[in-house]
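J.: File coords-v6.csv follows (CSV, C-alpha atoms):
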chain,number,residue,atom,x,y,z
L,1,MET,CA,-27.8,26.9,-16.9
L,2,ARG,CA,-27.1,25.5,-20.4
L,3,ARG,CA,-23.4,25.3,-21.1
L,4,GLU,CA,-22.9,27.1,-24.4
L,5,ILE,CA,-19.6,25.4,-25.2
L,6,PHE,CA,-21.3,22.2,-26.3
L,7,SER,CA,-23.0,21.8,-29.7
L,8,GLU,CA,-26.1,19.6,-30.4
L,9,GLU,CA,-23.7,16.9,-31.5
L,10,HIS,CA,-21.8,17.1,-28.3
L,11,GLU,CA,-25.1,16.7,-26.3
L,12,MET,CA,-26.2,13.7,-28.4
L,13,PHE,CA,-22.8,12.1,-27.6
L,14,ARG,CA,-23.3,12.9,-23.9
L,15,ALA,CA,-26.7,11.1,-23.9
L,16,GLN,CA,-25.0,8.1,-25.5
L,17,VAL,CA,-22.2,8.1,-22.9
L,18,ARG,CA,-24.7,8.5,-20.0
L,19,ARG,CA,-26.8,5.6,-21.1
L,20,PHE,CA,-23.7,3.4,-21.5
L,21,VAL,CA,-22.4,4.4,-18.1
L,22,GLU,CA,-25.7,3.8,-16.3
L,23,HIS,CA,-26.3,0.4,-18.0
L,24,GLU,CA,-22.8,-1.0,-18.3
L,25,LEU,CA,-20.7,0.5,-15.6
L,26,VAL,CA,-22.8,1.6,-12.6
L,27,PRO,CA,-23.8,-2.0,-11.8
L,28,LYS,CA,-20.1,-2.9,-11.6
L,29,ILE,CA,-18.8,0.0,-9.4
L,30,ASP,CA,-19.4,-1.7,-6.0
L,31,GLY,CA,-17.6,-4.8,-7.3
L,32,TRP,CA,-14.6,-2.7,-8.5
L,33,ASN,CA,-14.4,-1.0,-5.1
L,34,ARG,CA,-14.4,-4.4,-3.3
L,35,ALA,CA,-11.8,-5.9,-5.7
L,36,GLY,CA,-9.7,-2.8,-5.9
L,37,MET,CA,-9.6,-2.9,-9.7
L,38,SER,CA,-11.8,-2.5,-12.7
L,39,ASP,CA,-12.4,-5.3,-15.2
L,40,ARG,CA,-11.1,-5.7,-18.8
L,41,GLU,CA,-14.5,-6.3,-20.3
L,42,SER,CA,-15.6,-2.8,-19.4
L,43,TRP,CA,-12.5,-1.3,-21.1
L,44,ARG,CA,-13.2,-3.3,-24.2
L,45,LYS,CA,-16.8,-2.2,-24.2
L,46,MET,CA,-15.8,1.4,-23.8
L,47,GLY,CA,-13.5,1.0,-26.7
L,48,ALA,CA,-16.1,-0.6,-28.9
L,49,ALA,CA,-18.6,2.2,-28.1
L,50,GLY,CA,-16.0,4.8,-29.2
L,51,PHE,CA,-15.5,6.3,-25.8
L,52,LEU,CA,-11.8,5.7,-25.5
L,53,GLY,CA,-9.8,8.2,-27.5
L,54,ALA,CA,-12.8,10.1,-28.8
L,55,ASN,CA,-10.2,12.9,-29.5
L,56,ALA,CA,-7.6,10.5,-31.0
L,57,PRO,CA,-6.7,10.3,-34.7
L,58,ALA,CA,-9.3,8.5,-36.9
L,59,GLU,CA,-6.6,6.6,-38.8
L,60,TYR,CA,-5.8,4.6,-35.6
L,61,GLY,CA,-9.4,4.0,-34.6
L,62,GLY,CA,-10.1,7.2,-32.8
L,63,ALA,CA,-13.2,9.3,-33.4
L,64,GLY,CA,-11.1,12.3,-34.4
L,65,GLY,CA,-13.4,14.7,-32.5
L,66,ASP,CA,-12.4,17.7,-30.5
L,67,PHE,CA,-11.3,17.5,-26.9
L,68,LEU,CA,-14.8,18.4,-25.7
L,69,TYR,CA,-15.9,14.9,-26.5
L,70,ASP,CA,-13.3,13.4,-24.2
L,71,ALA,CA,-14.3,16.0,-21.6
L,72,ILE,CA,-17.9,14.7,-21.8
L,73,VAL,CA,-16.7,11.1,-21.1
L,74,VAL,CA,-14.6,12.4,-18.1
L,75,GLU,CA,-17.7,14.2,-16.7
L,76,GLU,CA,-20.1,11.3,-17.1
L,77,LEU,CA,-17.7,8.9,-15.4
L,78,ALA,CA,-17.2,11.3,-12.6
L,79,ARG,CA,-20.9,11.9,-12.3
L,80,ALA,CA,-21.4,8.1,-11.8
L,81,ARG,CA,-18.5,7.9,-9.4
L,82,ALA,CA,-16.8,5.4,-11.7
L,83,HIS,CA,-13.4,6.3,-10.5
L,84,GLY,CA,-12.1,2.8,-10.8
L,85,LEU,CA,-12.1,3.1,-14.6
L,86,MET,CA,-9.3,5.6,-14.9
L,87,MET,CA,-10.3,6.6,-18.4
L,88,GLY,CA,-9.0,10.2,-18.2
L,89,LEU,CA,-5.5,8.9,-17.5
L,90,HIS,CA,-5.7,6.3,-20.4
L,91,SER,CA,-7.4,8.5,-23.0
L,92,ASP,CA,-6.5,12.1,-22.2
L,93,ILE,CA,-3.0,11.8,-20.6
L,94,ILE,CA,-1.3,8.7,-22.1
L,95,ILE,CA,-2.8,8.3,-25.5
L,96,PRO,CA,-1.7,11.8,-26.5
L,97,TYR,CA,1.9,10.8,-25.8
L,98,LEU,CA,1.6,8.0,-28.2
L,99,SER,CA,-0.3,10.0,-30.9
L,100,SER,CA,2.1,13.0,-30.6
L,101,PHE,CA,5.5,11.4,-30.2
L,102,GLY,CA,5.2,7.8,-31.2
L,103,THR,CA,6.7,6.4,-34.4
L,104,GLU,CA,4.4,5.0,-37.0
L,105,ALA,CA,5.3,1.4,-35.8
L,106,GLN,CA,4.5,2.3,-32.2
L,107,LYS,CA,1.2,3.8,-33.2
L,108,ARG,CA,0.1,0.8,-35.2
L,109,ARG,CA,1.2,-1.6,-32.5
L,110,HIS,CA,0.0,0.3,-29.4
L,111,LEU,CA,-2.3,3.2,-30.2
L,112,THR,CA,-4.9,1.2,-32.1
L,113,ARG,CA,-5.2,-1.3,-29.3
L,114,ALA,CA,-5.4,1.4,-26.6
L,115,ILE,CA,-8.3,3.0,-28.5
L,116,SER,CA,-10.1,-0.3,-28.8
L,117,GLY,CA,-9.6,-1.1,-25.1
L,118,GLU,CA,-7.5,-4.2,-25.7
L,119,THR,CA,-4.4,-2.5,-24.3
L,120,ILE,CA,-4.7,-0.6,-21.0
L,121,LEU,CA,-2.2,2.1,-20.4
L,122,ALA,CA,-0.3,3.5,-17.4
L,123,ILE,CA,2.4,6.1,-16.9
L,124,ALA,CA,5.2,5.6,-14.4
L,125,MET,CA,6.4,9.0,-13.2
L,126,THR,CA,6.4,9.1,-9.4
L,127,GLU,CA,9.1,7.4,-7.3
L,128,PRO,CA,9.3,6.7,-3.6
L,129,GLY,CA,11.8,9.6,-3.0
L,130,THR,CA,11.0,12.1,-5.8
L,131,GLY,CA,7.3,13.0,-5.8
L,132,SER,CA,6.6,15.9,-8.1
L,133,ASP,CA,10.3,16.5,-9.0
L,134,LEU,CA,10.5,14.7,-12.3
L,135,ALA,CA,14.0,15.9,-13.1
L,136,ALA,CA,15.2,14.0,-10.1
L,137,VAL,CA,13.9,10.5,-11.0
L,138,GLN,CA,16.4,7.8,-10.1
L,139,THR,CA,15.1,5.1,-12.5
L,140,THR,CA,17.8,4.5,-15.1
L,141,ALA,CA,17.6,3.1,-18.7
L,142,ARG,CA,21.1,2.1,-19.8
L,143,ARG,CA,21.7,1.4,-23.5
L,144,ASP,CA,23.1,-2.1,-24.1
L,145,GLY,CA,23.4,-2.8,-27.8
L,146,ASP,CA,19.9,-2.8,-29.2
L,147,THR,CA,18.1,-2.8,-25.8
L,148,TYR,CA,17.6,-0.5,-22.9
L,149,VAL,CA,18.2,-2.1,-19.4
L,150,ILE,CA,15.9,-0.4,-16.9
L,151,ASN,CA,16.4,-0.4,-13.2
L,152,GLY,CA,14.3,1.4,-10.6
L,153,ALA,CA,11.1,1.6,-8.6
L,154,LYS,CA,7.9,3.6,-9.2
L,155,MET,CA,5.2,4.4,-6.7
L,156,PHE,CA,1.5,5.4,-6.7
L,157,ILE,CA,1.0,4.2,-10.3
L,158,SER,CA,-2.7,4.2,-11.4
L,159,ASN,CA,-3.7,1.2,-13.5
L,160,GLY,CA,-0.5,-0.5,-12.2
L,161,GLN,CA,-1.9,-4.0,-11.8
L,162,ILE,CA,-4.1,-4.0,-14.9
L,163,ALA,CA,-1.9,-2.1,-17.4
L,164,ASP,CA,-0.5,-3.8,-20.5
L,165,LEU,CA,1.7,-1.0,-21.5
L,166,ILE,CA,3.5,1.5,-19.3
L,167,VAL,CA,5.2,4.8,-20.3
L,168,VAL,CA,8.2,4.9,-18.0
L,169,VAL,CA,10.0,8.1,-17.1
L,170,ALA,CA,13.7,7.2,-16.8
L,171,LYS,CA,17.2,8.7,-16.9
L,172,THR,CA,19.0,7.7,-20.1
L,173,ASP,CA,21.8,10.1,-19.1
L,174,PRO,CA,22.1,10.3,-15.3
L,175,LYS,CA,25.0,12.8,-15.6
L,176,ALA,CA,23.2,15.3,-17.8
L,177,GLN,CA,23.2,18.9,-16.7
L,178,PRO,CA,20.8,20.3,-16.1
L,179,ALA,CA,19.3,17.1,-14.9
L,180,HIS,CA,16.0,17.3,-16.9
L,181,ARG,CA,18.0,16.8,-20.1
L,182,GLY,CA,18.8,13.3,-19.2
L,183,VAL,CA,15.1,12.2,-18.9
L,184,SER,CA,13.5,10.0,-21.5
L,185,LEU,CA,10.2,8.2,-22.0
L,186,ILE,CA,10.4,4.5,-22.7
L,187,LEU,CA,7.5,2.1,-23.5
L,188,VAL,CA,7.5,-1.1,-21.3
L,189,GLU,CA,5.1,-3.9,-22.1
L,190,ALA,CA,3.9,-5.9,-19.1
L,191,ASP,CA,5.5,-9.1,-20.3
L,192,ALA,CA,9.0,-7.5,-20.6
L,193,PRO,CA,11.6,-9.6,-18.7
L,194,GLY,CA,12.5,-7.8,-15.5
L,195,PHE,CA,9.3,-5.9,-15.1
L,196,VAL,CA,7.7,-6.7,-11.7
L,197,ARG,CA,4.4,-5.5,-10.3
L,198,GLY,CA,4.6,-4.7,-6.6
L,199,ARG,CA,1.7,-4.3,-4.2
L,200,LYS,CA,-1.7,-3.0,-5.0
L,201,LEU,CA,-1.8,-0.2,-2.5
L,202,ASP,CA,-4.5,0.1,0.1
L,203,LYS,CA,-5.9,3.7,-0.2
L,204,LEU,CA,-8.2,6.0,1.6
L,205,GLY,CA,-10.3,6.7,-1.5
L,206,PHE,CA,-10.6,5.7,-5.2
L,207,LYS,CA,-11.0,2.2,-3.9
L,208,GLY,CA,-11.8,0.7,-7.4
L,209,GLN,CA,-8.6,2.0,-8.8
L,210,ASP,CA,-5.6,-0.3,-8.8
L,211,THR,CA,-2.8,2.1,-7.6
L,212,SER,CA,0.4,0.1,-7.4
L,213,GLU,CA,4.2,-0.1,-6.9
L,214,LEU,CA,6.2,-1.1,-10.0
L,215,PHE,CA,9.7,-2.4,-10.1
L,216,PHE,CA,12.3,-2.7,-12.9
L,217,GLU,CA,15.0,-5.2,-12.3
L,218,ASP,CA,17.4,-5.3,-15.2
L,219,CYS,CA,14.2,-4.9,-17.3
L,220,ARG,CA,15.1,-5.2,-21.0
L,221,VAL,CA,13.2,-3.6,-23.8
L,222,PRO,CA,14.2,-2.8,-27.4
L,223,VAL,CA,15.6,0.6,-28.2
L,224,THR,CA,12.7,1.0,-30.6
L,225,ASN,CA,10.6,1.4,-27.5
L,226,LEU,CA,12.0,4.9,-26.9
L,227,LEU,CA,9.2,7.4,-27.2
L,228,GLY,CA,10.4,10.5,-29.0
L,229,VAL,CA,14.1,11.2,-28.7
L,230,GLU,CA,16.6,10.5,-25.9
L,231,GLY,CA,16.7,13.3,-23.4
L,232,GLY,CA,13.4,14.7,-24.7
L,233,GLY,CA,11.2,13.2,-22.0
L,234,PHE,CA,11.0,16.2,-19.7
L,235,LYS,CA,10.0,18.5,-22.6
L,236,MET,CA,7.3,16.0,-23.7
L,237,LEU,CA,5.9,15.7,-20.1
L,238,MET,CA,5.7,19.5,-19.8
L,239,GLU,CA,4.0,19.8,-23.1
L,240,LYS,CA,1.2,17.5,-22.1
L,241,LEU,CA,0.6,18.6,-18.5
L,242,GLN,CA,-1.8,21.3,-19.5
L,243,GLN,CA,-4.3,18.7,-20.6
L,244,GLU,CA,-3.7,16.5,-17.6
L,245,ARG,CA,-4.5,19.3,-15.2
L,246,LEU,CA,-7.5,20.4,-17.1
L,247,VAL,CA,-8.8,16.8,-17.1
L,248,THR,CA,-8.4,16.8,-13.3
L,249,ALA,CA,-10.3,20.0,-12.9
L,250,VAL,CA,-13.1,18.8,-15.2
L,251,GLY,CA,-13.6,15.6,-13.2
L,252,ALA,CA,-13.3,17.2,-9.8
L,253,LEU,CA,-15.9,19.9,-10.7
L,254,THR,CA,-18.4,17.2,-11.8
L,255,SER,CA,-17.8,15.3,-8.6
L,256,ALA,CA,-18.5,18.4,-6.6
L,257,ARG,CA,-21.7,19.1,-8.5
L,258,ARG,CA,-22.9,15.5,-8.0
L,259,CYS,CA,-22.1,15.6,-4.3
L,260,LEU,CA,-24.0,18.8,-3.9
L,261,ASP,CA,-27.0,17.6,-6.0
L,262,ASP,CA,-27.3,14.5,-3.8
L,263,THR,CA,-27.1,16.5,-0.6
L,264,VAL,CA,-29.8,18.9,-1.8
L,265,ALA,CA,-32.0,15.9,-2.3
L,266,TYR,CA,-31.1,14.4,1.0
L,267,THR,CA,-31.8,17.6,3.0
L,268,LYS,CA,-35.2,17.9,1.4
L,269,GLY,CA,-36.1,14.4,2.5
L,270,ARG,CA,-34.5,14.2,5.9
L,271,ARG,CA,-36.5,15.6,8.8
L,272,ALA,CA,-35.5,17.0,12.1
L,273,PHE,CA,-37.5,18.8,14.8
L,274,GLY,CA,-40.6,18.3,12.7
L,275,LYS,CA,-39.4,19.7,9.4
L,276,PRO,CA,-37.0,19.0,6.5
L,277,ILE,CA,-33.5,20.0,7.4
L,278,ALA,CA,-33.5,22.0,4.1
L,279,ALA,CA,-35.9,24.4,5.8
L,280,PHE,CA,-33.3,25.5,8.3
L,281,GLN,CA,-31.5,28.7,7.4
L,282,ASN,CA,-28.0,27.3,8.1
L,283,THR,CA,-28.7,24.5,5.6
L,284,GLN,CA,-30.0,26.9,3.0
L,285,PHE,CA,-27.0,29.2,3.4
L,286,LYS,CA,-24.5,26.4,3.2
L,287,LEU,CA,-26.1,24.9,0.0
L,288,ALA,CA,-26.4,28.3,-1.6
L,289,GLU,CA,-22.8,29.1,-1.0
L,290,MET,CA,-21.6,25.8,-2.5
L,291,ALA,CA,-24.0,26.1,-5.4
L,292,THR,CA,-22.5,29.5,-6.2
L,293,GLU,CA,-18.9,28.3,-6.0
L,294,VAL,CA,-19.7,25.3,-8.3
L,295,GLU,CA,-21.2,27.6,-10.9
L,296,ILE,CA,-18.2,30.0,-10.6
L,297,GLY,CA,-15.9,27.0,-11.1
L,298,GLN,CA,-17.9,25.8,-14.1
L,299,ALA,CA,-17.7,29.1,-15.8
L,300,PHE,CA,-13.9,29.1,-15.4
L,301,VAL,CA,-13.4,25.5,-16.5
L,302,ASP,CA,-15.6,25.9,-19.5
L,303,ARG,CA,-13.6,29.0,-20.5
L,304,LEU,CA,-10.4,26.9,-20.3
L,305,LEU,CA,-12.0,24.0,-22.3
L,306,VAL,CA,-12.7,26.4,-25.1
L,307,ALA,CA,-9.2,27.9,-25.0
L,308,HIS,CA,-7.6,24.4,-24.9
L,309,VAL,CA,-9.7,23.2,-27.9
L,310,ARG,CA,-8.6,26.3,-29.7
L,311,GLY,CA,-5.0,25.5,-29.1
L,312,ASP,CA,-4.2,28.3,-26.7
L,313,GLU,CA,-1.4,28.0,-24.2
L,314,VAL,CA,-3.2,28.3,-20.8
L,315,VAL,CA,-0.7,26.6,-18.4
L,316,THR,CA,-1.2,29.3,-15.8
L,317,GLU,CA,-4.9,29.2,-15.9
L,318,VAL,CA,-5.2,25.4,-15.9
L,319,SER,CA,-2.9,25.4,-12.9
L,320,MET,CA,-5.3,27.8,-11.2
L,321,ALA,CA,-8.2,25.6,-12.1
L,322,LYS,CA,-6.6,22.4,-10.9
L,323,TRP,CA,-5.8,23.7,-7.4
L,324,TRP,CA,-8.9,25.8,-6.9
L,325,VAL,CA,-11.4,23.2,-8.2
L,326,THR,CA,-9.9,20.3,-6.3
L,327,ASP,CA,-9.8,22.4,-3.1
L,328,LEU,CA,-13.5,23.3,-3.8
L,329,LEU,CA,-14.3,19.6,-4.1
L,330,LYS,CA,-12.8,18.9,-0.7
L,331,ARG,CA,-14.8,21.8,0.9
L,332,VAL,CA,-18.0,20.7,-0.8
L,333,ALA,CA,-17.6,17.0,0.2
L,334,SER,CA,-16.8,18.1,3.8
L,335,GLU,CA,-19.8,20.4,4.1
L,336,CYS,CA,-22.1,17.9,2.4
L,337,LEU,CA,-21.0,15.1,4.8
L,338,GLN,CA,-21.7,17.5,7.7
L,339,LEU,CA,-25.2,18.1,6.4
L,340,HIS,CA,-25.8,14.4,6.3
L,341,GLY,CA,-25.1,14.2,10.0
L,342,GLY,CA,-24.2,10.7,11.3
L,343,TYR,CA,-25.4,9.1,8.1
L,344,GLY,CA,-22.7,10.9,6.2
L,345,PHE,CA,-20.1,8.9,8.2
L,346,MET,CA,-21.7,5.6,7.0
L,347,LEU,CA,-20.1,4.1,3.9
L,348,GLU,CA,-23.6,3.2,2.5
L,349,TYR,CA,-24.1,6.8,1.7
L,350,PRO,CA,-22.2,8.1,-1.4
L,351,VAL,CA,-21.2,11.3,0.4
L,352,ALA,CA,-18.7,9.2,2.5
L,353,MET,CA,-17.1,8.0,-0.7
L,354,ASP,CA,-17.0,11.5,-2.1
L,355,TYR,CA,-15.2,12.7,1.0
L,356,ALA,CA,-12.6,10.0,0.8
L,357,ASP,CA,-12.2,10.3,-3.0
L,358,ALA,CA,-11.7,14.1,-2.9
L,359,ALA,CA,-8.6,13.8,-0.8
L,360,VAL,CA,-6.2,12.6,-3.5
L,361,GLN,CA,-7.3,15.1,-6.2
L,362,SER,CA,-5.4,18.0,-4.7
L,363,ILE,CA,-2.3,15.7,-4.7
L,364,TYR,CA,-2.1,13.9,-8.0
L,365,ALA,CA,-1.4,15.5,-11.4
L,366,GLY,CA,0.9,17.8,-9.5
L,367,THR,CA,0.2,18.8,-5.9
L,368,ASN,CA,-1.8,22.0,-5.4
L,369,GLU,CA,1.3,23.5,-3.8
L,370,ILE,CA,3.2,22.8,-7.1
L,371,MET,CA,0.3,24.5,-9.0
L,372,LYS,CA,0.8,27.6,-6.9
L,373,VAL,CA,4.6,27.6,-7.6
L,374,ILE,CA,3.9,27.4,-11.3
L,375,ILE,CA,1.5,30.3,-11.1
L,376,ALA,CA,3.8,32.4,-9.1
L,377,ARG,CA,6.7,31.8,-11.5
L,378,ARG,CA,4.6,32.7,-14.5
L,379,MET,CA,3.6,35.9,-12.7
L,380,GLY,CA,7.3,36.8,-12.5
L,381,LEU,CA,7.5,36.3,-8.8
L,382,GLU,CA,10.5,34.0,-8.7
L,383,VAL,CA,13.2,36.3,-7.3
L,384,ARG,CA,16.8,35.1,-7.1
L,385,ASP,CA,19.2,36.5,-4.5
Can you dump the structure from the file as structure tokens?

T.:
Amino acid sequence: MRREIFSEEHEMFRAQVRRFVEHELVPKIDGWNRAGMSDRESWRKMGAAGFLGANAPAEYGGAGGDFLYDAIVVEELARARAHGLMMGLHSDIIIPYLSSFGTEAQKRRHLTRAISGETILAIAMTEPGTGSDLAAVQTTARRDGDTYVINGAKMFISNGQIADLIVVVAKTDPKAQPAHRGVSLILVEADAPGFVRGRKLDKLGFKGQDTSELFFEDCRVPVTNLLGVEGGGFKMLMEKLQQERLVTAVGALTSARRCLDDTVAYTKGRRAFGKPIAAFQNTQFKLAEMATEVEIGQAFVDRLLVAHVRGDEVVTEVSMAKWWVTDLLKRVASECLQLHGGYGFMLEYPVAMDYADAAVQSIYAGTNEIMKVIIARRMGLEVRD
């Protein structure tokens, strides 16, 4: 079905992105997966082509388009399984913090270079002992004259090894009550004294993505690196999580569709007992069920994309989409692997990668359990004794 949310201009842009991805990125994906990291040249080429920050302000080098252009880039990268290039994180999660809350000097220094691909971005939220509880972060940023002195550890940080600029979630007032009022966002450049990159973590999936530990050991940065206002970090994080979770749903749904399409093709070509396995009723029923669920998911996600572009507050609905679509992806990847039989267990078949890559998507951007807590609270189901 044609997706009515996209204009002719959007589809022309999609064709450009798809050509770029197929010619410039697909040949590199195996190398990223072996190295555990993408390459800087690809980031710069993405920037030069206008694919980083397509939704970012034109005065800083962005295309100034609506969010649907960024969604197209997310979809085309997911379609190609180019997970090593964490563009959605860079363009749709971190760039909006800079463009919305940064000072003019911060935008001129960092935003323009992020849009061009010269500066690669990361955001350091998660800590070894806090997980999704951002109000409980233990990393501190103590004011010392005209600098902040940052101490703490971060875990599971995407782009951790390759990033040039990290948005760090830290406590500037550890005694604040309630605790979230002490949380601030601080920009840390990779050459800041006291910033230490830890291990590049060995993961089940997303092999081309450099997920890392980060450490701050009396790390000093100027107070001008504060993003927004002191104590305003939690509010800023909450404001931007709608788009983060929508981006996750968009990418996961595209991955499910690609996995399904490849499996349909495989079942038509693979023969057993003298006929294609697509001819067996069990295979047909499984594929029909998955195709139906993917289309249902697409209708919901497209509705949310339209609402988000319109500026609607759809936190409840994107929380629903994030958990349901990422769970769908895991079900699709599992069923598709089963339909590949023994070949599905072989890493030379993309379905094996899909199966491994699906696992994390119900965990990051807020676990699916957290999504259900958010939905329940917004339904008025939080009952206090």

J.: So which residues touch L:Phe300 within 10 Å, counting only C-alpha atoms, skipping near sequence neighbours fewer than 5 positions away, as number ranges by chain?

T.: L: 294-295, 305, 317-318, 320-321, 325

J.: Which is closest to L:Val167 among L:Val332, L:Met12, L:Ala249, L:Ala122, if we use all atoms listed in the file?

T.: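 Checking each candidate against L:Val167, we get L:Ala122 as the closest.
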
J.: Between atom CA of L:Ser116 and atom CA of L:Ala48, what distance in Å does the model show, to one decimal?

T.: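 Computing the Euclidean distance for atom CA of L:Ser116 and atom CA of L:Ala48 yields 6.0 Å.
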
J.: Determine the nearest neighbour of L:Leu214 from the options L:Lys107, L:Lys235, L:Lys154, L:Arg245, counting all atoms listed in the file.

T.: L:Lys154

J.: Looking at L:Met371, L:Val351, L:Ala114, L:Ala278, which one is nearest to L:Leu329, with distances taken over all atoms listed in the file?

T.: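 Nearest candidate to L:Leu329 out of L:Met371, L:Val351, L:Ala114, L:Ala278: L:Val351.
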
J.: Can you list, as a ChimeraX atom specification, every protein, DNA or RNA residue that comes within 12 Å of L:Glu289 when you count only C-alpha atoms, leaving out same-chain residues fewer than 6 positions away?

T.: /L:260,282-283,295-296,328,331-332,335-336

J.: For atom CA of L:Gly251 and atom CA of L:Ala356, quote the distance in Å rounded to one decimal.

T.: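 Atom-to-atom, atom CA of L:Gly251 and atom CA of L:Ala356 are spaced 15.1 Å apart.
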
J.: Pick out the closest residue to L:Ala58 from this set: L:Thr211, L:Ser99, L:Gln298, L:Thr267. Count all atoms listed in the file.

T.: L:Ser99

J.: Using all atoms listed in the file, which of L:Ile162, L:Ile363, L:Leu339, L:Leu201 sits nearest L:Glu118?

T.: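 Answer, going by the shortest atom-to-atom distance: L:Ile162.
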
J.: With distances taken over all atoms listed in the file, which of L:Leu89, L:Ile370, L:Asn151, L:Thr224 is nearest to L:Arg109?

T.: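 That would be L:Thr224, the residue with the smallest distance to L:Arg109.
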
J.: Which residues are close to L:Ile95, i.e. within 12 Å by only C-alpha atoms, leaving aside same-chain residues fewer than 2 positions away? Reply as a ChimeraX atom specification.

T.: /L:52-57,60,62,70,87-93,97-102,106-107,110-117,119-123,165-167,240,243-244

J.: Those residues you just picked out, can you put them in a file as an mmCIF file, in the frame of the given file with C-alpha atoms?

T.:
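Printed below is selection38.cif as written:
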data_model
loop_
_atom_site.group_PDB
_atom_site.id
_atom_site.type_symbol
_atom_site.label_atom_id
_atom_site.label_comp_id
_atom_site.auth_asym_id
_atom_site.auth_seq_id
_atom_site.Cartn_x
_atom_site.Cartn_y
_atom_site.Cartn_z
ATOM 1 C CA LEU L 52 -11.800 5.700 -25.500
ATOM 2 C CA GLY L 53 -9.800 8.200 -27.500
ATOM 3 C CA ALA L 54 -12.800 10.100 -28.800
ATOM 4 C CA ASN L 55 -10.200 12.900 -29.500
ATOM 5 C CA ALA L 56 -7.600 10.500 -31.000
ATOM 6 C CA PRO L 57 -6.700 10.300 -34.700
ATOM 7 C CA TYR L 60 -5.800 4.600 -35.600
ATOM 8 C CA GLY L 62 -10.100 7.200 -32.800
ATOM 9 C CA ASP L 70 -13.300 13.400 -24.200
ATOM 10 C CA MET L 87 -10.300 6.600 -18.400
ATOM 11 C CA GLY L 88 -9.000 10.200 -18.200
ATOM 12 C CA LEU L 89 -5.500 8.900 -17.500
ATOM 13 C CA HIS L 90 -5.700 6.300 -20.400
ATOM 14 C CA SER L 91 -7.400 8.500 -23.000
ATOM 15 C CA ASP L 92 -6.500 12.100 -22.200
ATOM 16 C CA ILE L 93 -3.000 11.800 -20.600
ATOM 17 C CA TYR L 97 1.900 10.800 -25.800
ATOM 18 C CA LEU L 98 1.600 8.000 -28.200
ATOM 19 C CA SER L 99 -0.300 10.000 -30.900
ATOM 20 C CA SER L 100 2.100 13.000 -30.600
ATOM 21 C CA PHE L 101 5.500 11.400 -30.200
ATOM 22 C CA GLY L 102 5.200 7.800 -31.200
ATOM 23 C CA GLN L 106 4.500 2.300 -32.200
ATOM 24 C CA LYS L 107 1.200 3.800 -33.200
ATOM 25 C CA HIS L 110 0.000 0.300 -29.400
ATOM 26 C CA LEU L 111 -2.300 3.200 -30.200
ATOM 27 C CA THR L 112 -4.900 1.200 -32.100
ATOM 28 C CA ARG L 113 -5.200 -1.300 -29.300
ATOM 29 C CA ALA L 114 -5.400 1.400 -26.600
ATOM 30 C CA ILE L 115 -8.300 3.000 -28.500
ATOM 31 C CA SER L 116 -10.100 -0.300 -28.800
ATOM 32 C CA GLY L 117 -9.600 -1.100 -25.100
ATOM 33 C CA THR L 119 -4.400 -2.500 -24.300
ATOM 34 C CA ILE L 120 -4.700 -0.600 -21.000
ATOM 35 C CA LEU L 121 -2.200 2.100 -20.400
ATOM 36 C CA ALA L 122 -0.300 3.500 -17.400
ATOM 37 C CA ILE L 123 2.400 6.100 -16.900
ATOM 38 C CA LEU L 165 1.700 -1.000 -21.500
ATOM 39 C CA ILE L 166 3.500 1.500 -19.300
ATOM 40 C CA VAL L 167 5.200 4.800 -20.300
ATOM 41 C CA LYS L 240 1.200 17.500 -22.100
ATOM 42 C CA GLN L 243 -4.300 18.700 -20.600
ATOM 43 C CA GLU L 244 -3.700 16.500 -17.600
#

J.: Which polymer residues have any atom within 12 Å of an atom of L:Asp261, counting all atoms listed in the file, with same-chain residues fewer than 2 positions away left out, as a list in words?

T.: Arg79, Thr254, Ser255, Ala256, Arg257, Arg258, Cys259, Thr263, Val264, Ala265, Tyr266, Thr267, Lys268, Leu287, Ala288, Met290, Ala291, Val294, Val332, Ala333, Cys336, Pro350 and Val351 of chain L
